[in-house]
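Participant: My file is start_1.cif. It has mmCIF, C-alpha atoms and all ligand atoms:
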data_start
loop_
_atom_site.label_atom_id
_atom_site.label_comp_id
_atom_site.auth_asym_id
_atom_site.auth_seq_id
_atom_site.Cartn_x
_atom_site.Cartn_y
_atom_site.Cartn_z
CA MET A 285 -219.60 86.56 -40.68
CA THR A 286 -220.36 90.27 -40.98
CA VAL A 287 -222.01 90.98 -44.32
CA LEU A 288 -222.04 94.22 -46.29
CA MET A 289 -225.22 94.29 -48.38
CA ALA A 290 -225.81 96.75 -51.22
CA PRO A 291 -228.81 97.77 -53.31
CA GLY A 292 -229.38 96.41 -56.80
CA GLY A 293 -231.85 98.80 -58.42
CA THR A 294 -230.54 97.62 -61.78
CA LEU A 295 -228.39 94.69 -62.86
CA ASP A 296 -225.57 97.13 -63.61
CA MET A 297 -225.81 98.64 -60.11
CA ALA A 298 -225.77 95.19 -58.50
CA LEU A 299 -222.72 94.04 -60.45
CA ARG A 300 -220.85 97.27 -59.71
CA ALA A 301 -221.67 96.83 -56.01
CA PHE A 302 -220.07 93.37 -56.07
CA GLU A 303 -217.02 94.82 -57.81
CA ARG A 304 -216.64 97.47 -55.10
CA GLY A 305 -216.78 94.97 -52.25
CA ALA A 306 -220.38 94.14 -51.37
CA ASP A 307 -220.80 90.59 -50.03
CA SER A 308 -224.49 90.56 -50.83
CA VAL A 309 -226.97 92.51 -52.96
CA PHE A 310 -230.72 92.89 -52.51
CA VAL A 311 -233.01 93.33 -55.49
CA GLY A 312 -236.75 93.60 -56.07
CA PRO A 313 -238.81 91.80 -58.71
CA LYS A 314 -240.85 94.17 -60.87
CA GLY A 315 -244.15 95.02 -59.19
CA TRP A 316 -243.34 93.18 -55.95
CA SER A 317 -240.94 95.37 -54.02
CA ARG A 318 -242.40 98.82 -53.33
CA ARG A 319 -240.31 100.63 -55.92
CA PRO A 320 -240.91 102.05 -59.41
CA ALA A 321 -240.38 99.46 -62.13
CA SER A 322 -237.23 101.36 -63.18
CA ASP A 323 -235.60 100.32 -59.89
CA GLU A 324 -236.72 96.71 -59.97
CA LEU A 325 -235.37 93.73 -61.96
CA THR A 326 -236.96 91.26 -64.33
CA ASP A 327 -236.79 87.59 -63.37
CA ALA A 328 -234.27 87.01 -66.16
CA GLU A 329 -232.02 89.69 -64.65
CA ILE A 330 -232.42 88.23 -61.16
CA GLY A 331 -231.48 84.79 -62.50
CA GLU A 332 -228.38 86.22 -64.17
CA LEU A 333 -227.40 88.13 -61.04
CA ILE A 334 -227.70 85.03 -58.85
CA ARG A 335 -225.59 83.10 -61.36
CA GLN A 336 -222.86 85.75 -61.32
CA ALA A 337 -223.02 86.09 -57.52
CA LYS A 338 -222.49 82.37 -57.05
CA LEU A 339 -219.46 82.44 -59.35
CA GLN A 340 -217.96 85.09 -57.04
CA GLY A 341 -218.98 83.37 -53.80
CA LYS A 342 -221.49 86.17 -53.13
CA ASP A 343 -225.13 86.30 -52.27
CA VAL A 344 -228.43 87.74 -53.54
CA ARG A 345 -231.48 88.55 -51.40
CA ILE A 346 -234.93 89.23 -52.87
CA ALA A 347 -237.07 92.06 -51.51
CA ILE A 348 -240.64 90.84 -52.02
CA ASN A 349 -242.15 93.06 -49.37
CA VAL A 350 -245.64 93.85 -50.59
CA MET A 351 -248.95 92.88 -48.99
CA PRO A 352 -250.68 90.37 -51.24
CA ALA A 353 -254.46 90.23 -51.37
CA PRO A 354 -256.04 86.79 -50.74
CA SER A 355 -256.19 86.21 -54.50
CA GLU A 356 -252.44 86.95 -54.82
CA VAL A 357 -251.01 84.59 -52.20
CA ASP A 358 -250.47 81.74 -54.67
CA ALA A 359 -248.79 84.13 -57.11
CA PHE A 360 -246.60 85.43 -54.27
CA LEU A 361 -245.34 81.94 -53.41
CA ALA A 362 -244.96 81.02 -57.09
CA LYS A 363 -242.92 84.19 -57.59
CA ILE A 364 -240.37 83.04 -54.99
CA GLU A 365 -240.07 79.51 -56.40
CA PRO A 366 -237.49 80.21 -59.14
CA TYR A 367 -235.38 82.44 -56.90
CA ALA A 368 -235.10 79.59 -54.39
CA GLU A 369 -234.24 77.14 -57.17
CA TRP A 370 -231.60 79.45 -58.65
CA GLY A 371 -229.89 79.81 -55.26
CA ALA A 372 -230.98 83.15 -53.75
CA GLY A 373 -229.90 83.37 -50.13
CA GLY A 374 -233.09 84.81 -48.71
CA VAL A 375 -236.21 86.92 -49.08
CA MET A 376 -237.36 90.13 -47.40
CA VAL A 377 -240.99 89.86 -46.42
CA CYS A 378 -243.30 92.21 -44.51
CA ASP A 379 -246.62 90.35 -44.35
CA PRO A 380 -246.57 88.30 -41.11
CA GLY A 381 -249.20 85.82 -42.29
CA LEU A 382 -247.03 84.76 -45.19
CA ILE A 383 -243.84 84.13 -43.23
CA PRO A 384 -244.84 80.63 -42.02
CA LEU A 385 -245.87 79.73 -45.60
CA VAL A 386 -242.48 80.85 -46.95
CA ARG A 387 -240.69 79.05 -44.09
CA LYS A 388 -242.49 75.80 -44.86
CA ARG A 389 -242.24 75.86 -48.63
CA PHE A 390 -238.69 77.25 -48.94
CA PRO A 391 -236.72 75.98 -45.93
CA GLN A 392 -233.44 76.80 -47.68
CA LEU A 393 -234.18 80.55 -47.75
CA GLU A 394 -233.40 82.93 -44.92
CA ILE A 395 -236.34 85.18 -44.15
CA HIS A 396 -235.75 88.85 -43.37
CA VAL A 397 -238.51 90.80 -41.68
CA SER A 398 -238.51 93.82 -43.96
CA VAL A 399 -238.28 97.27 -42.45
CA THR A 400 -241.72 97.83 -43.94
CA ALA A 401 -243.19 95.35 -41.42
CA GLY A 402 -242.95 98.33 -39.06
CA VAL A 403 -241.69 96.58 -35.92
CA PHE A 404 -242.12 98.71 -32.81
CA ASN A 405 -240.42 96.84 -29.98
CA THR A 406 -238.70 93.64 -28.86
CA GLU A 407 -242.07 91.94 -28.33
CA ASP A 408 -242.83 92.40 -32.03
CA ILE A 409 -239.47 90.88 -32.84
CA GLY A 410 -240.24 87.88 -30.61
CA PHE A 411 -243.45 87.44 -32.59
CA TYR A 412 -241.56 87.32 -35.90
CA ASP A 413 -239.02 84.93 -34.38
CA GLU A 414 -241.85 82.54 -33.49
CA LEU A 415 -243.21 82.79 -37.03
CA GLY A 416 -239.89 81.45 -38.33
CA ALA A 417 -238.07 84.55 -39.57
CA ASP A 418 -234.26 84.67 -39.35
CA TYR A 419 -233.42 88.37 -39.61
CA VAL A 420 -235.04 91.55 -38.46
CA VAL A 421 -234.21 94.75 -40.32
CA LEU A 422 -233.74 97.44 -37.69
CA PRO A 423 -236.05 100.38 -38.39
CA TYR A 424 -234.01 103.39 -39.39
CA ARG A 425 -235.69 105.49 -36.74
CA TRP A 426 -233.93 103.35 -34.13
CA GLY A 427 -230.45 103.82 -32.78
CA VAL A 428 -227.72 101.84 -31.07
CA ALA A 429 -229.59 101.58 -27.74
CA GLU A 430 -232.62 99.91 -29.31
CA ALA A 431 -230.42 97.53 -31.29
CA GLU A 432 -228.60 96.54 -28.11
CA GLU A 433 -231.91 95.88 -26.38
CA ILE A 434 -232.99 93.55 -29.18
CA ARG A 435 -229.61 91.86 -29.21
CA ARG A 436 -230.00 91.05 -25.52
CA ALA A 437 -233.64 89.96 -25.77
CA SER A 438 -233.83 88.02 -29.02
CA PRO A 439 -231.92 85.37 -30.97
CA MET A 440 -232.90 87.03 -34.26
CA LYS A 441 -230.07 88.10 -36.54
CA LEU A 442 -229.83 91.85 -37.00
CA GLU A 443 -229.67 93.82 -40.22
CA ALA A 444 -228.79 97.49 -39.72
CA PHE A 445 -229.35 100.21 -42.27
CA MET A 446 -226.38 102.42 -42.94
CA PHE A 447 -228.64 105.42 -42.60
CA GLN A 448 -230.93 106.93 -40.00
CA THR A 449 -233.65 109.51 -39.87
CA SER A 450 -233.56 112.48 -37.54
CA HIS A 451 -237.33 112.06 -36.95
CA ARG A 452 -236.64 109.17 -34.63
CA GLY A 453 -239.71 107.79 -32.91
CA ARG A 454 -242.19 109.58 -35.19
CA ILE A 455 -242.11 107.93 -38.57
CA CYS A 456 -242.72 104.22 -38.76
CA PRO A 457 -241.61 102.70 -42.06
CA GLY A 458 -244.24 100.47 -43.57
CA ARG A 459 -247.14 102.01 -41.68
CA CYS A 460 -247.70 105.00 -43.93
CA TYR A 461 -250.26 104.64 -46.72
CA SER A 462 -250.71 108.31 -47.55
CA SER A 463 -249.48 107.94 -51.12
CA SER A 464 -252.12 105.28 -51.77
CA TYR A 465 -254.88 107.82 -51.09
CA PHE A 466 -253.34 110.45 -53.31
CA HIS A 467 -253.47 108.66 -56.60
CA VAL A 468 -254.29 105.13 -57.58
CA LYS A 469 -254.08 103.93 -61.13
CA HIS A 470 -254.75 100.24 -61.39
CA PHE A 471 -253.98 97.33 -63.67
CA ARG A 472 -253.88 93.59 -63.17
CA ASP A 473 -251.14 91.51 -64.78
CA GLU A 474 -251.27 88.02 -66.29
CA ASP A 475 -250.52 86.44 -62.87
CA ALA A 476 -253.64 88.07 -61.37
CA LYS A 477 -251.39 90.46 -59.48
CA ASP A 478 -252.82 93.91 -58.83
CA HIS A 479 -250.64 96.96 -59.45
CA PHE A 480 -252.00 100.11 -57.81
CA VAL A 481 -249.55 102.69 -59.11
CA GLY A 482 -248.73 104.99 -56.18
CA SER A 483 -249.44 102.34 -53.52
CA ALA A 484 -246.17 100.78 -52.38
CA SER A 485 -247.75 97.84 -50.56
CA ARG A 486 -250.03 96.98 -53.44
CA GLY A 487 -247.79 96.65 -56.44
CA GLY A 488 -246.74 100.23 -57.09
CA SER A 489 -244.43 102.64 -55.37
CA CYS A 490 -244.83 105.55 -52.98
CA TYR A 491 -244.86 109.00 -54.53
CA ARG A 492 -243.03 110.46 -51.52
CA ILE A 493 -245.78 112.95 -50.85
CA CYS A 494 -244.38 113.44 -47.36
CA ARG A 495 -241.63 115.44 -49.01
CA VAL A 496 -243.81 118.28 -50.34
CA GLU A 497 -245.03 121.26 -48.36
CA TRP A 498 -248.23 120.69 -46.42
CA SER A 499 -250.62 122.93 -44.54
CA LEU A 500 -253.18 121.96 -41.94
CA ARG A 501 -256.63 123.47 -42.49
CA SER A 502 -260.13 123.00 -41.18
CA GLY A 503 -262.71 125.31 -42.79
CA ASP A 504 -261.39 128.87 -42.34
CA TYR A 505 -258.88 127.89 -39.70
CA GLN A 506 -255.30 127.27 -40.74
CA HIS A 507 -252.88 125.86 -38.23
CA PRO A 508 -249.88 128.19 -37.86
CA GLN A 509 -247.38 125.38 -38.05
CA ALA A 510 -246.67 123.75 -41.40
CA PRO A 511 -246.14 120.07 -40.72
CA THR A 512 -242.80 118.66 -41.74
CA LEU A 513 -243.69 115.08 -42.38
CA LYS A 514 -240.34 113.61 -43.09
CA SER A 515 -236.74 114.64 -43.04
CA SER A 516 -234.15 113.18 -45.33
CA PRO A 517 -232.35 110.26 -43.68
CA GLU A 518 -228.60 110.57 -43.47
CA LEU A 519 -225.85 108.06 -44.10
CA LEU A 520 -224.44 106.69 -40.87
CA LEU A 521 -220.79 106.55 -39.82
CA TRP A 522 -220.03 107.09 -36.12
CA GLU A 523 -222.27 104.27 -34.89
CA LEU A 524 -220.56 101.65 -37.02
CA PRO A 525 -218.07 100.48 -34.32
CA GLU A 526 -220.89 100.02 -31.79
CA TYR A 527 -222.97 98.00 -34.23
CA VAL A 528 -219.97 95.82 -35.02
CA ALA A 529 -219.21 95.40 -31.30
CA MET A 530 -222.73 94.13 -30.59
CA GLY A 531 -222.46 91.62 -33.43
CA VAL A 532 -224.84 93.03 -36.04
CA GLU A 533 -224.71 90.40 -38.78
CA ARG A 534 -225.64 92.44 -41.83
CA PHE A 535 -225.07 96.06 -42.80
CA LYS A 536 -227.48 97.31 -45.41
CA ILE A 537 -226.79 100.19 -47.76
CA PRO A 538 -230.09 101.55 -49.11
CA GLY A 539 -230.51 103.33 -52.44
CA ARG A 540 -231.98 101.25 -55.22
CA GLU A 541 -233.17 104.55 -56.70
CA ARG A 542 -229.77 106.21 -56.64
CA SER A 543 -227.35 106.26 -59.57
CA PRO A 544 -225.07 103.21 -60.02
CA GLU A 545 -222.07 105.55 -59.73
CA LEU A 546 -223.10 106.88 -56.34
CA VAL A 547 -224.02 103.42 -55.04
CA ALA A 548 -220.65 102.03 -56.20
CA ASP A 549 -218.79 104.82 -54.38
CA ILE A 550 -220.84 104.32 -51.20
CA VAL A 551 -220.21 100.56 -51.29
CA GLY A 552 -216.47 101.14 -51.70
CA PHE A 553 -216.55 103.58 -48.79
CA TYR A 554 -218.42 101.26 -46.43
CA ARG A 555 -216.28 98.29 -47.47
CA ARG A 556 -213.20 100.16 -46.27
CA ALA A 557 -214.93 101.56 -43.17
CA LEU A 558 -216.30 98.17 -42.16
CA ASP A 559 -212.98 96.41 -42.71
CA HIS A 560 -211.30 99.13 -40.65
CA VAL A 561 -213.67 98.48 -37.73
CA LEU A 562 -213.54 94.70 -38.10
CA ALA A 563 -209.74 94.94 -37.85
CA GLY A 564 -210.22 96.41 -34.37
CA ASN A 565 -210.08 100.15 -35.11
CA PRO A 566 -213.02 102.08 -33.57
CA ASN A 567 -211.79 105.56 -34.57
CA MET A 568 -213.71 106.68 -37.67
CA CYS A 569 -212.24 110.21 -37.97
CA GLY A 570 -210.22 109.29 -41.03
CA PHE A 571 -213.46 108.62 -42.94
CA ALA A 572 -215.28 111.83 -41.99
CA SER A 573 -214.36 113.99 -44.95
CA GLU A 574 -215.26 111.37 -47.58
CA TRP A 575 -218.45 110.65 -45.64
CA GLU A 576 -219.45 114.34 -45.83
CA ASP A 577 -218.96 114.30 -49.61
CA LEU A 578 -221.06 111.15 -50.00
CA LYS A 579 -223.80 112.58 -47.78
CA ALA A 580 -224.02 115.67 -49.98
CA ARG A 581 -224.23 113.56 -53.15
CA TRP A 582 -226.82 111.30 -51.48
CA THR A 583 -229.04 114.18 -50.45
CA GLY A 584 -228.71 115.83 -53.86
CA GLU A 585 -229.82 112.72 -55.72
CA ARG A 586 -232.59 112.05 -53.22
CA THR A 587 -234.06 115.52 -53.52
CA GLY A 588 -234.00 115.34 -57.30
CA ARG A 589 -235.72 111.97 -57.42
CA ASP A 590 -238.36 112.86 -54.83
CA ASP A 591 -239.25 116.12 -56.53
CA ASP A 592 -239.60 114.26 -59.80
CA ARG A 593 -241.93 111.73 -58.22
CA VAL A 594 -244.27 114.42 -56.95
CA VAL A 595 -244.43 115.98 -60.40
CA ARG A 596 -245.18 112.61 -61.95
CA ALA A 597 -247.90 111.99 -59.37
CA GLU A 598 -249.51 115.34 -60.10
CA LEU A 599 -249.50 114.67 -63.84
CA ALA A 600 -251.02 111.23 -63.39
CA ALA A 601 -253.72 112.20 -60.85
S1 LIG B 1 -245.30 109.16 -48.11
FE1 LIG B 1 -243.28 109.38 -47.11
S2 LIG B 1 -243.50 108.44 -45.07
FE2 LIG B 1 -245.20 107.73 -46.36
S3 LIG B 1 -244.46 105.78 -47.23
FE3 LIG B 1 -243.99 107.41 -48.70
S4 LIG B 1 -241.88 108.02 -48.20
FE4 LIG B 1 -242.68 106.87 -46.44
#
So that I can check it, write out the structure of this file as structure tokens.
Facilitator:
Amino acid sequence: MTVLMAPGGTLDMALRAFERGADSVFVGPKGWSRRPASDELTDAEIGELIRQAKLQGKDVRIAINVMPAPSEVDAFLAKIEPYAEWGAGGVMVCDPGLIPLVRKRFPQLEIHVSVTAGVFNTEDIGFYDELGADYVVLPYRWGVAEAEEIRRASPMKLEAFMFQTSHRGRICPGRCYSSSYFHVKHFRDEDAKDHFVGSASRGGSCYRICRVEWSLRSGDYQHPQAPTLKSSPELLLWELPEYVAMGVERFKIPGRERSPELVADIVGFYRRALDHVLAGNPNMCGFASEWEDLKARWTGERTGRDDDRVVRAELAA
């Protein structure tokens, strides 16, 4: 089955995504999924979402893609326990050492190698396959050719983002820690879990400092080129037929930090586009105009949120 998976930054967003045709929703528990708390769910909300998903024959996946310290491993496994009991379909994990532990303790859960694991090549994917993972999330710097290579070389199921970055080959999701150096405010919760605000892998979220203007200086010398660290990824359309043809199992719409209205419209759009392709129609021209509108809304919301994060980081530093 080909699955359309949507973001659930809030319970409302997740339920709207189901209404607009998502088969599956991914959510993050507060403090465990690399996002600000405003875009993560409480355990009570996750329980309610799983209950409602099951009533509709749908599915919930839990993004728990942080890097626990040795003292947090027990809390990490304990965190997953109720989600497995309630009937979540799987978890997204990025720490390779923890994958065999999750596999052993929760055999009923599918394990997704989160994009933040930063896989580089098919050999990496073979490594995660041996550890017991089921899915690999294709890095959004990759394209159709890389996905086809993995499809040929590995039995892993594929999860493709519905967006890509134009800085292909340069940025590796999950391997950037620059925000962690910029500002770290720390507290430890009642489960002995550290929260370094500003460090996505360690219980906080990235401040997107790649999005501000940088200059490169050493003493009196200033490099003439201002580095552009990251471009804004764009929603994907034209590659959809090729991904379907190669049998990509899961299509992932990102955007837990977007508005529920925009996410609902994007889910509705991709539901129709995916059904169109699955019915044997590879021509996507009829979707182009709506896609352009959604891209503009996507970029507008992204820019607003990222600018706001930088301001918040500066105030907190
Ligand atoms: S600073 Fe930019 S590249 Fe680095 S983790 Fe954050 S969003 Fe990604």
Participant: With only C-alpha atoms and all ligand atoms as the basis for distance, which of A:Gly416, A:Gly315, A:Pro566, A:Pro457 is at the shortest distance from ligand LIG 1 (chain B)?
Facilitator: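 The closest residue to ligand LIG 1 (chain B) is A:Pro457.
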Participant: Go through the chains and note each residue within 9 Å of ligand LIG 1 (chain B), using only C-alpha atoms and all ligand atoms, then give the set as a ChimeraX atom specification.
Facilitator: /A:455-464,483-484,489-495,513-514,590
Participant: I'd like to know which of A:Met446, A:Ala347, A:Leu382, A:Val428 is closest to A:His396, using all atoms listed in the file.
Facilitator: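 Closest to A:His396 of all the choices is A:Ala347.
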Participant: Rank nothing, just name the residue among A:Gly292, A:Gly373, A:Pro423, A:Pro384 nearest to A:Val403, using all atoms listed in the file.
Facilitator: A:Pro423
Participant: Compile the contact shell of A:Ile537 as a PDB file with C-alpha atoms, keeping the file's coordinate frame: residues with an atom at most 12 Å away, counting only C-alpha atoms, same-chain residues fewer than 5 positions apart removed.
Facilitator:
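Below you can see result_5.pdb, which holds the result:
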ATOM      1  CA  VAL A 287    -222.010  90.980 -44.320  1.00  0.00           C
ATOM      2  CA  LEU A 288    -222.040  94.220 -46.290  1.00  0.00           C
ATOM      3  CA  MET A 289    -225.220  94.290 -48.380  1.00  0.00           C
ATOM      4  CA  ALA A 290    -225.810  96.750 -51.220  1.00  0.00           C
ATOM      5  CA  PRO A 291    -228.810  97.770 -53.310  1.00  0.00           C
ATOM      6  CA  GLY A 292    -229.380  96.410 -56.800  1.00  0.00           C
ATOM      7  CA  GLY A 293    -231.850  98.800 -58.420  1.00  0.00           C
ATOM      8  CA  ALA A 298    -225.770  95.190 -58.500  1.00  0.00           C
ATOM      9  CA  ALA A 301    -221.670  96.830 -56.010  1.00  0.00           C
ATOM     10  CA  ALA A 306    -220.380  94.140 -51.370  1.00  0.00           C
ATOM     11  CA  ASP A 307    -220.800  90.590 -50.030  1.00  0.00           C
ATOM     12  CA  SER A 308    -224.490  90.560 -50.830  1.00  0.00           C
ATOM     13  CA  VAL A 309    -226.970  92.510 -52.960  1.00  0.00           C
ATOM     14  CA  PHE A 310    -230.720  92.890 -52.510  1.00  0.00           C
ATOM     15  CA  VAL A 421    -234.210  94.750 -40.320  1.00  0.00           C
ATOM     16  CA  TYR A 424    -234.010 103.390 -39.390  1.00  0.00           C
ATOM     17  CA  GLU A 443    -229.670  93.820 -40.220  1.00  0.00           C
ATOM     18  CA  ALA A 444    -228.790  97.490 -39.720  1.00  0.00           C
ATOM     19  CA  PHE A 445    -229.350 100.210 -42.270  1.00  0.00           C
ATOM     20  CA  MET A 446    -226.380 102.420 -42.940  1.00  0.00           C
ATOM     21  CA  PHE A 447    -228.640 105.420 -42.600  1.00  0.00           C
ATOM     22  CA  GLN A 448    -230.930 106.930 -40.000  1.00  0.00           C
ATOM     23  CA  GLU A 518    -228.600 110.570 -43.470  1.00  0.00           C
ATOM     24  CA  LEU A 519    -225.850 108.060 -44.100  1.00  0.00           C
ATOM     25  CA  LEU A 520    -224.440 106.690 -40.870  1.00  0.00           C
ATOM     26  CA  LEU A 521    -220.790 106.550 -39.820  1.00  0.00           C
ATOM     27  CA  ARG A 542    -229.770 106.210 -56.640  1.00  0.00           C
ATOM     28  CA  LEU A 546    -223.100 106.880 -56.340  1.00  0.00           C
ATOM     29  CA  VAL A 547    -224.020 103.420 -55.040  1.00  0.00           C
ATOM     30  CA  ALA A 548    -220.650 102.030 -56.200  1.00  0.00           C
ATOM     31  CA  ASP A 549    -218.790 104.820 -54.380  1.00  0.00           C
ATOM     32  CA  ILE A 550    -220.840 104.320 -51.200  1.00  0.00           C
ATOM     33  CA  VAL A 551    -220.210 100.560 -51.290  1.00  0.00           C
ATOM     34  CA  GLY A 552    -216.470 101.140 -51.700  1.00  0.00           C
ATOM     35  CA  PHE A 553    -216.550 103.580 -48.790  1.00  0.00           C
ATOM     36  CA  TYR A 554    -218.420 101.260 -46.430  1.00  0.00           C
ATOM     37  CA  ARG A 555    -216.280  98.290 -47.470  1.00  0.00           C
ATOM     38  CA  TRP A 582    -226.820 111.300 -51.480  1.00  0.00           C
TER      39      TRP A 582
END
Participant: Find the spatial neighbours of A:Asp323, counting only C-alpha atoms, within a cut-off of 7 Å - ignore same-chain residues fewer than 5 positions away - and output them as a PyMOL selection string.
Facilitator: chain A and resi 293-294+540-541
Participant: Rounded to one decimal, what separation in Å do you get between atom CA of A:Ala437 and atom CA of A:Glu526?
Facilitator: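 According to the coordinates, atom CA of A:Ala437 and atom CA of A:Glu526 are separated by 17.3 Å.
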Participant: For each of A:Pro538, A:Asp478, A:Ile346, A:Leu558, take the minimum atom-to-atom distance to A:Trp522, counting all atoms listed in the file, then give the residue where this is smallest.
Facilitator: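 For A:Trp522, the nearest of the candidates is A:Leu558.
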Participant: Report, in Å to a single decimal, how far apart atom CA of A:Leu339 and atom CA of A:Ala563 are.
Facilitator: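 Result for atom CA of A:Ala563 versus atom CA of A:Leu339: 26.7 Å, one decimal.
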Participant: Provide the atom CA of A:Gly584 to atom CA of A:Glu545 distance in Å, to one decimal place.
Facilitator: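 Interatomic distance, atom CA of A:Gly584 to atom CA of A:Glu545: 13.6 Å.
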Participant: Which residue out of A:Lys441, A:Lys388, A:Lys536, A:Arg425 has the minimum interatomic distance to A:Tyr412 when only C-alpha atoms are used?
Facilitator: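 Of the candidates, the smallest distance to A:Tyr412 is held by A:Lys441.
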Participant: Output as a short mmCIF file (atom, residue, chain, number, x, y, z; two decimals), in the coordinates of the input: stretch 288-294 of chain A, completed with all heavy atoms.
Facilitator:
data_model
loop_
_atom_site.label_atom_id
_atom_site.label_comp_id
_atom_site.auth_asym_id
_atom_site.auth_seq_id
_atom_site.Cartn_x
_atom_site.Cartn_y
_atom_site.Cartn_z
N LEU A 288 -221.70 92.90 -45.74
CA LEU A 288 -222.04 94.22 -46.29
C LEU A 288 -222.98 93.99 -47.47
O LEU A 288 -222.63 93.33 -48.45
CB LEU A 288 -220.78 94.96 -46.75
CG LEU A 288 -221.03 96.35 -47.33
CD1 LEU A 288 -221.63 97.30 -46.28
CD2 LEU A 288 -219.73 96.96 -47.87
N MET A 289 -224.18 94.54 -47.36
CA MET A 289 -225.22 94.29 -48.38
C MET A 289 -225.56 95.60 -49.09
O MET A 289 -225.77 96.63 -48.45
CB MET A 289 -226.46 93.70 -47.73
CG MET A 289 -227.53 93.32 -48.73
SD MET A 289 -228.78 92.25 -48.02
CE MET A 289 -229.54 93.37 -46.87
N ALA A 290 -225.62 95.54 -50.40
CA ALA A 290 -225.81 96.75 -51.22
C ALA A 290 -227.11 96.65 -52.02
O ALA A 290 -227.63 95.56 -52.24
CB ALA A 290 -224.62 96.91 -52.16
N PRO A 291 -227.60 97.79 -52.50
CA PRO A 291 -228.81 97.77 -53.31
C PRO A 291 -228.51 97.40 -54.76
O PRO A 291 -227.46 97.73 -55.29
CB PRO A 291 -229.31 99.21 -53.23
CG PRO A 291 -228.08 100.03 -53.01
CD PRO A 291 -227.12 99.16 -52.24
N GLY A 292 -229.47 96.73 -55.39
CA GLY A 292 -229.38 96.41 -56.80
C GLY A 292 -230.63 96.92 -57.50
O GLY A 292 -231.52 96.15 -57.84
N GLY A 293 -230.70 98.24 -57.72
CA GLY A 293 -231.85 98.80 -58.42
C GLY A 293 -231.87 98.44 -59.89
O GLY A 293 -232.91 98.44 -60.54
N THR A 294 -230.68 98.13 -60.42
CA THR A 294 -230.54 97.62 -61.78
C THR A 294 -229.47 96.53 -61.73
O THR A 294 -228.69 96.46 -60.77
CB THR A 294 -230.09 98.71 -62.77
OG1 THR A 294 -228.81 99.20 -62.33
CG2 THR A 294 -231.07 99.86 -62.85
#
